[in-house]
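Take a look at the structure set out below.
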Amino acid sequence: MDKAMRILAVDDDENIRELLSASISAESDHVVWTAASGMEALAACSSDTPKFDCFLLDIQMPGMDGIELCSRIRRHAHYEETPILMLTAMAQKKFVDAAFLAGATDYITKPFDVLELFSRLKNAERLIHEQARVHRRHEEILNLKNDLDRSLEHSLSEPVELLGIERLVGYVSFENYLLQLSRMKMLTTSVFALKILNVEKVFRSMSRLAFRQLLSDLGLKLTELYGSEADLVTYRGNGVFACTTNSRRPFSQFELEKTLNRSIREMPSARMTDVAVQVCAGEPVSLLSLTRAGSLTSLQNAVSRSEARAGSYHEILKMSARIHENNGQASEEDRKIYAALLEEEMSDVKAAANS
């Protein structure tokens with residue numbers, strides 16, 4: 001706390017200004033500026049010179065008194081917290097109350113003792129250093145928050161890295177894993193994908209942190225359900241997860257959907273949005289290629305199947321909502337489209353049940 005303060009002493013009495021300046025300069029490294037009136041003080045506060053660290057104000061001055069000056073200094077953007085010491089002969093309670101209500105930090109009555117003045121200036125120094133420490137800490141916290149926000153910021157299409165989940169890997173690693181399986185002639189392996197329905201609405205309705213938590217919860221649940229043995233899971237972006245599965249294992253995309261959607265309802269992260277969170281799964285695609293291009297084509301086909309299935313779901317839900325809004329009434333064309341979509345969906349379910 002050895003930094004010298006820039007002090008502005010305001011008093012209409014020239015002798016008091018000289019006494020303050022001489023006393024403070026003789027006993028410390030503080031630099032004292034003086035002003036003879038409130039208007040002169042405000043002009044000094046608004047100048048381009050470095051801002052003051054402390055004020056000493058007399059109350060009883062002609063024109064603008066010290067209490068009004070204190071209030072106007074407090075309204076200045078640079079001086080909202082700067083120590084203001086009232087140094088005055090006005091000892092009555094009403095003046096003390098008015099001074100502190102106007103924003104004064106301390107109050108010293110004349111005739112003042114030099115030792116008392118320096119004691120109060122030392123307190124002002126401590127206050128300045130404490131304020132600086134708090135501001136630094138606040139800035140550090142803001143910087144950490146901004147760093148965290150930037151690290152969590154992502155677009156919907158990005159293949160976000162979801163860390164800390166066993167058997168859930170980054171998308172590039174997942175692609176390389178598929179290629180390695182092809183090289184090893186693991187042709188009994190298939191890949192399937194599932195997609196969050198209405199993912200655009202879900203994404204827009206949540207903070208990036210909440211959406212990432214939802215992805216982590218879904219990824220964890222998917223690895224618990226289907227990430228056993230050597231199977232890996234990844235998040236591809238755009239609400240799509242991909243997972244490998246051994247074709248010798250029984251697989252039902254409909255059972256997986258049902259189980260996952262039941263679990264989603266219990267996830268706290270799914271309650272962070274007003275949009276219903278559901279997933280749908282596409283049929284698995286076999287890894288029948290020994291080339292990188294072939295492996296990635298199988299992956300893309302699996303993703304396309306989940307996208308198509310999500311599209312069918314979306315159309316069914318949209319058509320159902322439209323009919324509901326019309327109190328059950330629909331045009332003949334809408335009824336035919338709705339019936340066709342339902343028939344297609346039911347045929348997929350029956351085929352899976354008979355397989």
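Starting from 1 in every chain, residues are counted up; chains themselves are A, B, ... following the order of the structure tokens, and ligands are numbered from 1 as listed.
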
Which residues, written as a PDB file with N, CA, C and O atoms, in the first residue's frame, have at least one atom at most 7 Å from range 34-43 of chain A, with only C-alpha atoms counted and residues fewer than 6 positions away on the same chain left out?
ATOM      1  N   LEU A   8      -7.450  15.548  -4.620  1.00  0.00           N
ATOM      2  CA  LEU A   8      -8.004  16.862  -4.926  1.00  0.00           C
ATOM      3  C   LEU A   8      -8.641  17.430  -3.653  1.00  0.00           C
ATOM      4  O   LEU A   8      -9.596  16.856  -3.127  1.00  0.00           O
ATOM      5  N   ALA A   9      -8.076  18.534  -3.161  1.00  0.00           N
ATOM      6  CA  ALA A   9      -8.599  19.213  -1.971  1.00  0.00           C
ATOM      7  C   ALA A   9      -9.384  20.439  -2.423  1.00  0.00           C
ATOM      8  O   ALA A   9      -8.860  21.294  -3.157  1.00  0.00           O
ATOM      9  N   VAL A  10     -10.646  20.523  -1.981  1.00  0.00           N
ATOM     10  CA  VAL A  10     -11.531  21.602  -2.419  1.00  0.00           C
ATOM     11  C   VAL A  10     -11.965  22.414  -1.199  1.00  0.00           C
ATOM     12  O   VAL A  10     -12.627  21.880  -0.301  1.00  0.00           O
ATOM     13  N   ASP A  11     -11.584  23.699  -1.186  1.00  0.00           N
ATOM     14  CA  ASP A  11     -11.953  24.582  -0.072  1.00  0.00           C
ATOM     15  C   ASP A  11     -11.886  26.019  -0.574  1.00  0.00           C
ATOM     16  O   ASP A  11     -10.944  26.375  -1.295  1.00  0.00           O
ATOM     17  N   ASP A  12     -12.842  26.842  -0.181  1.00  0.00           N
ATOM     18  CA  ASP A  12     -12.824  28.237  -0.634  1.00  0.00           C
ATOM     19  C   ASP A  12     -11.822  29.080   0.142  1.00  0.00           C
ATOM     20  O   ASP A  12     -11.513  30.210  -0.242  1.00  0.00           O
ATOM     21  N   ARG A  17      -6.320  25.456   1.880  1.00  0.00           N
ATOM     22  CA  ARG A  17      -5.783  24.737   0.727  1.00  0.00           C
ATOM     23  C   ARG A  17      -4.269  24.624   0.828  1.00  0.00           C
ATOM     24  O   ARG A  17      -3.702  23.553   0.579  1.00  0.00           O
ATOM     25  N   MET A  64     -21.873  26.356  -4.996  1.00  0.00           N
ATOM     26  CA  MET A  64     -22.082  24.912  -4.800  1.00  0.00           C
ATOM     27  C   MET A  64     -21.404  24.465  -3.508  1.00  0.00           C
ATOM     28  O   MET A  64     -20.185  24.556  -3.375  1.00  0.00           O
ATOM     29  N   ASP A  65     -22.172  23.971  -2.553  1.00  0.00           N
ATOM     30  CA  ASP A  65     -21.543  23.516  -1.308  1.00  0.00           C
ATOM     31  C   ASP A  65     -20.934  22.124  -1.480  1.00  0.00           C
ATOM     32  O   ASP A  65     -21.103  21.463  -2.501  1.00  0.00           O
ATOM     33  N   LEU A  69     -21.462  19.011  -4.226  1.00  0.00           N
ATOM     34  CA  LEU A  69     -20.275  18.611  -4.999  1.00  0.00           C
ATOM     35  C   LEU A  69     -20.014  17.121  -4.846  1.00  0.00           C
ATOM     36  O   LEU A  69     -19.718  16.427  -5.828  1.00  0.00           O
TER      37      LEU A  69
END

Distance query range 105-110 of chain A at most 6 Å, only C-alpha atoms, self and fewer than 3 positions along chain excluded, as a list of chain:residue names: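 Skipping anything fewer than 3 positions along the chain leaves A:Pro83, A:Ile84, A:Leu85, A:Met86, A:Leu87, A:Thr88, A:Ala89.
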
Which residues are close to Glu307 in chain A, i.e. within 12 Å by only C-alpha atoms, leaving aside same-chain residues fewer than 6 positions away? Reply as a ChimeraX atom specification. /A:192-199,238-242,279-283,300-301,313-314

Produce a file of the selected residues containing N, CA and C atoms, as a PDB file, in the first residue's frame.
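See out13.pdb below for the written result:
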ATOM      1  N   PHE A 192     -24.930 -47.931 -37.008  1.00  0.00           N
ATOM      2  CA  PHE A 192     -26.246 -47.303 -37.091  1.00  0.00           C
ATOM      3  C   PHE A 192     -26.159 -45.901 -36.497  1.00  0.00           C
ATOM      4  N   ALA A 193     -27.134 -45.097 -36.781  1.00  0.00           N
ATOM      5  CA  ALA A 193     -27.159 -43.715 -36.277  1.00  0.00           C
ATOM      6  C   ALA A 193     -28.521 -43.419 -35.693  1.00  0.00           C
ATOM      7  N   LEU A 194     -28.546 -42.514 -34.750  1.00  0.00           N
ATOM      8  CA  LEU A 194     -29.822 -42.023 -34.232  1.00  0.00           C
ATOM      9  C   LEU A 194     -29.754 -40.512 -34.159  1.00  0.00           C
ATOM     10  N   LYS A 195     -30.900 -39.878 -34.221  1.00  0.00           N
ATOM     11  CA  LYS A 195     -30.963 -38.422 -34.322  1.00  0.00           C
ATOM     12  C   LYS A 195     -31.985 -37.858 -33.339  1.00  0.00           C
ATOM     13  N   ILE A 196     -31.647 -36.697 -32.789  1.00  0.00           N
ATOM     14  CA  ILE A 196     -32.594 -35.973 -31.946  1.00  0.00           C
ATOM     15  C   ILE A 196     -33.649 -35.332 -32.848  1.00  0.00           C
ATOM     16  N   LEU A 197     -34.913 -35.639 -32.583  1.00  0.00           N
ATOM     17  CA  LEU A 197     -35.989 -35.039 -33.369  1.00  0.00           C
ATOM     18  C   LEU A 197     -36.095 -33.542 -33.077  1.00  0.00           C
ATOM     19  N   ASN A 198     -36.426 -32.772 -34.110  1.00  0.00           N
ATOM     20  CA  ASN A 198     -36.561 -31.318 -33.961  1.00  0.00           C
ATOM     21  C   ASN A 198     -35.332 -30.702 -33.311  1.00  0.00           C
ATOM     22  N   VAL A 199     -34.150 -31.198 -33.696  1.00  0.00           N
ATOM     23  CA  VAL A 199     -32.930 -30.770 -33.008  1.00  0.00           C
ATOM     24  C   VAL A 199     -32.682 -29.275 -33.171  1.00  0.00           C
ATOM     25  N   ASN A 238     -25.187 -31.990 -35.540  1.00  0.00           N
ATOM     26  CA  ASN A 238     -26.558 -31.880 -36.027  1.00  0.00           C
ATOM     27  C   ASN A 238     -27.509 -32.838 -35.320  1.00  0.00           C
ATOM     28  N   GLY A 239     -27.207 -33.133 -34.051  1.00  0.00           N
ATOM     29  CA  GLY A 239     -28.085 -33.999 -33.273  1.00  0.00           C
ATOM     30  C   GLY A 239     -27.978 -35.476 -33.593  1.00  0.00           C
ATOM     31  N   VAL A 240     -26.904 -35.894 -34.294  1.00  0.00           N
ATOM     32  CA  VAL A 240     -26.768 -37.289 -34.742  1.00  0.00           C
ATOM     33  C   VAL A 240     -25.653 -37.997 -33.973  1.00  0.00           C
ATOM     34  N   PHE A 241     -25.980 -39.158 -33.398  1.00  0.00           N
ATOM     35  CA  PHE A 241     -25.004 -40.064 -32.803  1.00  0.00           C
ATOM     36  C   PHE A 241     -24.839 -41.262 -33.732  1.00  0.00           C
ATOM     37  N   ALA A 242     -23.635 -41.816 -33.773  1.00  0.00           N
ATOM     38  CA  ALA A 242     -23.383 -43.038 -34.535  1.00  0.00           C
ATOM     39  C   ALA A 242     -22.777 -44.078 -33.609  1.00  0.00           C
ATOM     40  N   VAL A 279     -35.630 -39.077 -29.608  1.00  0.00           N
ATOM     41  CA  VAL A 279     -34.682 -39.541 -30.625  1.00  0.00           C
ATOM     42  C   VAL A 279     -35.339 -40.608 -31.482  1.00  0.00           C
ATOM     43  N   CYS A 280     -34.825 -40.776 -32.701  1.00  0.00           N
ATOM     44  CA  CYS A 280     -35.242 -41.891 -33.552  1.00  0.00           C
ATOM     45  C   CYS A 280     -33.991 -42.512 -34.149  1.00  0.00           C
ATOM     46  N   ALA A 281     -34.030 -43.812 -34.386  1.00  0.00           N
ATOM     47  CA  ALA A 281     -32.857 -44.546 -34.872  1.00  0.00           C
ATOM     48  C   ALA A 281     -33.088 -45.051 -36.282  1.00  0.00           C
ATOM     49  N   GLY A 282     -32.011 -45.075 -37.067  1.00  0.00           N
ATOM     50  CA  GLY A 282     -32.071 -45.630 -38.409  1.00  0.00           C
ATOM     51  C   GLY A 282     -31.638 -47.078 -38.416  1.00  0.00           C
ATOM     52  N   GLU A 283     -31.911 -47.780 -39.501  1.00  0.00           N
ATOM     53  CA  GLU A 283     -31.491 -49.173 -39.620  1.00  0.00           C
ATOM     54  C   GLU A 283     -29.970 -49.249 -39.714  1.00  0.00           C
ATOM     55  N   GLN A 300     -22.090 -42.845 -43.765  1.00  0.00           N
ATOM     56  CA  GLN A 300     -22.978 -41.822 -44.298  1.00  0.00           C
ATOM     57  C   GLN A 300     -24.367 -42.392 -44.580  1.00  0.00           C
ATOM     58  N   ASN A 301     -24.404 -43.624 -45.067  1.00  0.00           N
ATOM     59  CA  ASN A 301     -25.702 -44.268 -45.320  1.00  0.00           C
ATOM     60  C   ASN A 301     -26.481 -44.451 -44.016  1.00  0.00           C
ATOM     61  N   TYR A 313     -40.848 -38.929 -39.075  1.00  0.00           N
ATOM     62  CA  TYR A 313     -41.449 -38.600 -37.781  1.00  0.00           C
ATOM     63  C   TYR A 313     -41.958 -37.163 -37.786  1.00  0.00           C
ATOM     64  N   HIS A 314     -41.111 -36.253 -38.287  1.00  0.00           N
ATOM     65  CA  HIS A 314     -41.453 -34.841 -38.279  1.00  0.00           C
ATOM     66  C   HIS A 314     -42.712 -34.584 -39.103  1.00  0.00           C
TER      67      HIS A 314
END

Sorted by chain and rising residue number, list the residues of range 205-290 of chain A at most 7 Å from range 164-178 of chain A (counting only C-alpha atoms), each with its closest atom pair and distance in Å to one decimal, as a tab-separated table.
residue	atom	partner	partner_atom	distance
A:Leu220	CA	A:Ile165	CA	6.2
A:Thr223	CA	A:Arg167	CA	6.7
A:Gly227	CA	A:Arg167	CA	6.4
A:Leu232	CA	A:Arg167	CA	5.1
A:Val233	CA	A:Leu168	CA	4.7
A:Thr234	CA	A:Val169	CA	5.3
A:Tyr235	CA	A:Tyr171	CA	6.3
A:Arg236	CA	A:Tyr171	CA	5.9

Output C-alpha atoms for every residue in that selection, as a compact mmCIF listing (two decimals), in the first residue's frame.
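Dumped everything to part.txt:
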# COMPACT_ATOMS: atom_id res chain seq x y z
CA LEU A 220 -23.74 -41.80 -21.71
CA THR A 223 -22.98 -46.29 -24.31
CA GLY A 227 -21.53 -49.48 -26.00
CA LEU A 232 -17.84 -47.34 -29.87
CA VAL A 233 -20.14 -44.34 -29.98
CA THR A 234 -19.57 -40.84 -31.39
CA TYR A 235 -21.42 -37.58 -31.78
CA ARG A 236 -21.36 -36.44 -35.41

Within range 46-137 of chain A, find each residue whose DSSP state, derived from the backbone, is helix (DSSP H, G or I), and express the selection as a ChimeraX atom specification. /A:66-74,77-79,93-101,114-137

Neighbouring residues of Met267 in chain A were defined as those with any atom within 12 Å, considering only C-alpha atoms; residues of the same chain fewer than 6 positions away were excluded. Please report them as JSON, numbers by chain. {"A": [210, 213, 214, 215, 216, 217, 218, 220, 221, 260, 261, 273, 276, 277, 278]}

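When CA of Ser25 in chain A is paired with CA of Gly103 in chain A, their separation reads 26.2 Å.
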